[in-house]
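Participant: This is upload_5.cif, which holds mmCIF, C-alpha atoms:
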```cif
data_target
loop_
_atom_site.label_atom_id
_atom_site.label_comp_id
_atom_site.auth_asym_id
_atom_site.auth_seq_id
_atom_site.Cartn_x
_atom_site.Cartn_y
_atom_site.Cartn_z
CA MET I 1 -12.70 -10.80 8.97
CA TYR I 2 -11.22 -14.00 7.56
CA ILE I 3 -8.42 -14.59 5.04
CA SER I 4 -8.25 -18.15 3.64
CA GLY I 5 -9.83 -19.68 6.72
CA TRP I 6 -7.77 -17.64 9.21
CA ARG I 7 -9.09 -14.88 11.39
CA THR I 8 -7.19 -11.75 10.43
CA ARG I 9 -5.99 -11.13 13.99
CA ASP I 10 -4.33 -14.56 13.99
CA LEU I 11 -2.14 -13.40 11.07
CA VAL I 12 -0.80 -10.34 12.93
CA VAL I 13 2.84 -10.65 14.01
CA GLU I 14 3.56 -7.02 14.92
CA VAL I 15 1.67 -3.82 15.72
CA ARG I 16 3.58 -0.57 16.14
CA ARG I 17 2.20 2.84 17.02
CA VAL I 18 4.70 5.34 15.65
CA ASN I 19 2.80 8.45 16.80
CA ASP I 20 -0.69 9.99 16.70
CA LYS I 21 -0.63 9.98 12.89
CA LEU I 22 1.16 6.71 12.00
CA MET I 23 0.67 3.07 12.87
CA THR I 24 1.96 -0.14 11.28
CA ILE I 25 0.66 -3.68 11.36
CA LYS I 26 2.62 -6.63 10.00
CA LEU I 27 0.77 -9.78 8.96
CA VAL I 28 1.89 -13.14 7.63
CA VAL I 29 -0.42 -13.90 4.70
CA GLY I 30 0.36 -17.20 3.01
CA GLU I 31 3.93 -17.06 1.75
CA PHE I 32 4.56 -13.36 2.31
CA MET I 33 4.68 -10.57 4.87
CA LEU I 34 2.19 -7.74 4.45
CA ASN I 35 2.91 -4.38 6.08
CA VAL I 36 -0.12 -2.15 6.49
CA ILE I 37 0.50 1.48 7.36
CA SER I 38 -2.30 3.67 8.63
CA ALA I 39 -1.37 7.30 7.98
CA TYR I 40 -3.18 10.56 8.65
CA SER I 41 -1.41 13.62 7.29
CA PRO I 42 -1.67 16.91 9.19
CA GLN I 43 -4.47 19.19 8.03
CA VAL I 44 -3.83 21.76 5.31
CA GLY I 45 -3.90 24.72 7.74
CA LEU I 46 -1.08 23.45 9.96
CA GLY I 47 2.50 24.74 9.69
CA LYS I 48 5.16 23.48 7.29
CA GLU I 49 7.29 22.09 10.13
CA VAL I 50 4.44 19.85 11.38
CA LYS I 51 3.86 18.56 7.85
CA ARG I 52 7.57 18.03 7.19
CA HIS I 53 7.84 16.02 10.43
CA PHE I 54 4.94 13.77 9.36
CA TRP I 55 6.45 13.08 5.92
CA ASP I 56 9.91 12.46 7.41
CA GLU I 57 8.46 9.92 9.84
CA LEU I 58 6.44 8.18 7.11
CA ASP I 59 9.57 8.09 4.94
CA GLU I 60 11.50 6.44 7.79
CA VAL I 61 8.76 3.85 8.38
CA VAL I 62 8.58 2.88 4.69
CA ARG I 63 12.39 2.70 4.37
CA GLY I 64 12.39 0.30 7.33
CA ILE I 65 10.29 -2.27 5.47
CA PRO I 66 12.41 -4.94 3.74
CA LEU I 67 12.13 -4.91 -0.06
CA ASN I 68 10.90 -8.53 -0.12
CA GLU I 69 7.84 -7.64 1.98
CA LYS I 70 4.55 -6.24 0.65
CA LEU I 71 3.32 -2.76 1.53
CA PHE I 72 -0.11 -1.14 1.69
CA ILE I 73 -0.59 2.41 2.93
CA GLY I 74 -4.06 3.65 3.74
CA GLY I 75 -5.31 6.79 5.36
CA ASP I 76 -6.04 10.44 4.73
CA PHE I 77 -3.24 12.46 3.16
CA ASN I 78 -5.22 15.71 2.95
CA GLY I 79 -4.14 16.08 -0.66
CA HIS I 80 -6.33 16.65 -3.70
CA ILE I 81 -4.34 15.24 -6.60
CA ARG I 82 -6.51 16.68 -9.38
CA LEU I 83 -7.20 15.22 -12.81
CA ILE I 84 -4.13 16.49 -14.63
CA SER I 85 -1.29 14.36 -13.29
CA GLN I 86 1.47 16.38 -15.05
CA GLY I 87 4.55 14.21 -14.72
CA TYR I 88 3.02 11.74 -12.30
CA ASP I 89 1.42 9.35 -14.80
CA ASP I 90 3.31 6.44 -13.25
CA VAL I 91 1.62 6.94 -9.85
CA HIS I 92 -1.71 8.58 -10.80
CA ASP I 93 -4.28 6.98 -13.13
CA GLY I 94 -6.27 10.13 -13.82
CA PHE I 95 -9.40 10.17 -11.67
CA ASP I 96 -9.65 12.88 -9.03
CA PHE I 97 -11.67 15.01 -6.69
CA GLY I 98 -11.37 18.68 -5.89
CA VAL I 99 -8.79 21.27 -6.76
CA ARG I 100 -5.12 20.35 -6.50
CA ASN I 101 -3.67 21.64 -3.24
CA GLY I 102 -0.21 21.75 -1.63
CA GLY I 103 -0.74 18.38 0.02
CA CYS I 104 -1.11 16.68 -3.34
CA THR I 105 2.43 17.42 -4.47
CA LEU I 106 3.82 15.88 -1.29
CA LEU I 107 1.68 12.78 -1.82
CA LEU I 108 2.56 12.44 -5.51
CA ASP I 109 6.28 12.94 -4.83
CA PHE I 110 6.19 10.39 -2.01
CA ALA I 111 4.45 7.82 -4.22
CA LYS I 112 6.95 8.42 -7.01
CA ALA I 113 9.96 8.15 -4.66
CA PHE I 114 8.87 4.73 -3.37
CA ASP I 115 7.50 3.40 -6.67
CA LEU I 116 3.95 3.32 -5.26
CA VAL I 117 0.61 3.87 -6.98
CA ILE I 118 -2.26 5.99 -5.69
CA ALA I 119 -4.84 3.25 -6.11
CA ASN I 120 -8.00 5.28 -5.64
CA SER I 121 -7.09 7.41 -8.67
CA GLY I 122 -7.42 4.32 -10.88
CA PHE I 123 -11.21 4.17 -11.12
CA ARG I 124 -14.06 6.66 -11.24
CA LYS I 125 -16.21 6.99 -8.12
CA ASN I 126 -19.50 8.77 -7.53
CA GLU I 127 -19.09 12.13 -5.78
CA GLU I 128 -21.07 10.97 -2.73
CA ASN I 129 -18.42 8.26 -2.22
CA LEU I 130 -15.58 10.77 -2.43
CA VAL I 131 -16.78 13.35 0.09
CA THR I 132 -15.66 12.66 3.67
CA PHE I 133 -16.55 16.07 5.15
CA GLN I 134 -19.22 18.54 4.08
CA ASN I 135 -20.71 21.73 5.53
CA THR I 136 -22.47 24.79 4.11
CA VAL I 137 -19.17 26.31 2.95
CA ALA I 138 -17.12 23.42 1.54
CA GLN I 139 -16.70 19.71 1.05
CA THR I 140 -13.56 17.61 1.03
#
```
For the file at hand, write its structure as structure tokens.

Facilitator:
Amino acid sequence: MYISGWRTRDLVVEVRRVNDKLMTIKLVVGEFMLNVISAYSPQVGLGKEVKRHFWDELDEVVRGIPLNEKLFIGGDFNGHIRLISQGYDDVHDGFDFGVRNGGCTLLLDFAKAFDLVIANSGFRKNEENLVTFQNTVAQT
């Protein structure tokens, strides 16, 4: 991949593996620093302590990024945010998939706390582009 004539790997100044679920990459892109966080939240069936630990670590990683640097977080948060954003209009643009679950509140609260936007809720997608897992019983 190339950005303005540079190979993306040439822009990387730091890579940090936080744990099995979190990784950060810092790139110099033009005049600014871009921090990319890859995050994979624990599955819905895991205990509250495991989930709390993940969110605490993600919180610490984000707080460690200077305010003058850019931030992009991508990954799977195992949260269905649902159409009705009820109090989260500033982070959720209204498009959804599935039934709201416990993981969604954590994701919405996190986005609100850090003044982030859940970008994939800003445009409608076809269902086949939303489903990442499907079997005879369910799809997510």

Participant: Tell me, in Å to one decimal, how far atom CA of Asn35 of chain I is from atom CA of Leu71 of chain I.

Facilitator: 4.8 Å

Participant: So what do you get for atom CA of Asp56 of chain I versus atom CA of Asp115 of chain I, distance-wise?

Facilitator: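 Computing it gives 16.9 Å between the two atoms.
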
Participant: Atom CA of Asp59 of chain I and atom CA of Val36 of chain I are how many Å apart?

Facilitator: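 Going from atom CA of Asp59 of chain I over to atom CA of Val36 of chain I covers 14.2 Å.
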
Participant: Could you state which residues are captured by the PyMOL selection byres ((chain I and resi 58) around 12) in this file, as a PyMOL selection string?

Facilitator: chain I and resi 18-19+21-24+37-41+51-57+59-65+73-75+77+106-107+110-111+114

Participant: Measuring between all atoms listed in the file, which one of I:Thr8, I:Asn78, I:Leu108, I:Gly30 shows the shortest distance to Pro42 of chain I?

Facilitator: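 That would be I:Asn78, the residue with the smallest distance to Pro42 of chain I.
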
Participant: Considering only C-alpha atoms, can you say which of I:Leu46, I:Val117, I:Leu34, I:Val13 comes closest to Asn68 of chain I?

Facilitator: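 Checking each of I:Leu46, I:Val117, I:Leu34, I:Val13 against Asn68 of chain I, counting only C-alpha atoms, the winner is I:Leu34.
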
Participant: Which one is closest to Ile25 of chain I: I:Ile118, I:Leu67, I:Thr105, I:Phe72? Count only C-alpha atoms.

Facilitator: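 Of all the options, I:Phe72 lies closest to Ile25 of chain I.
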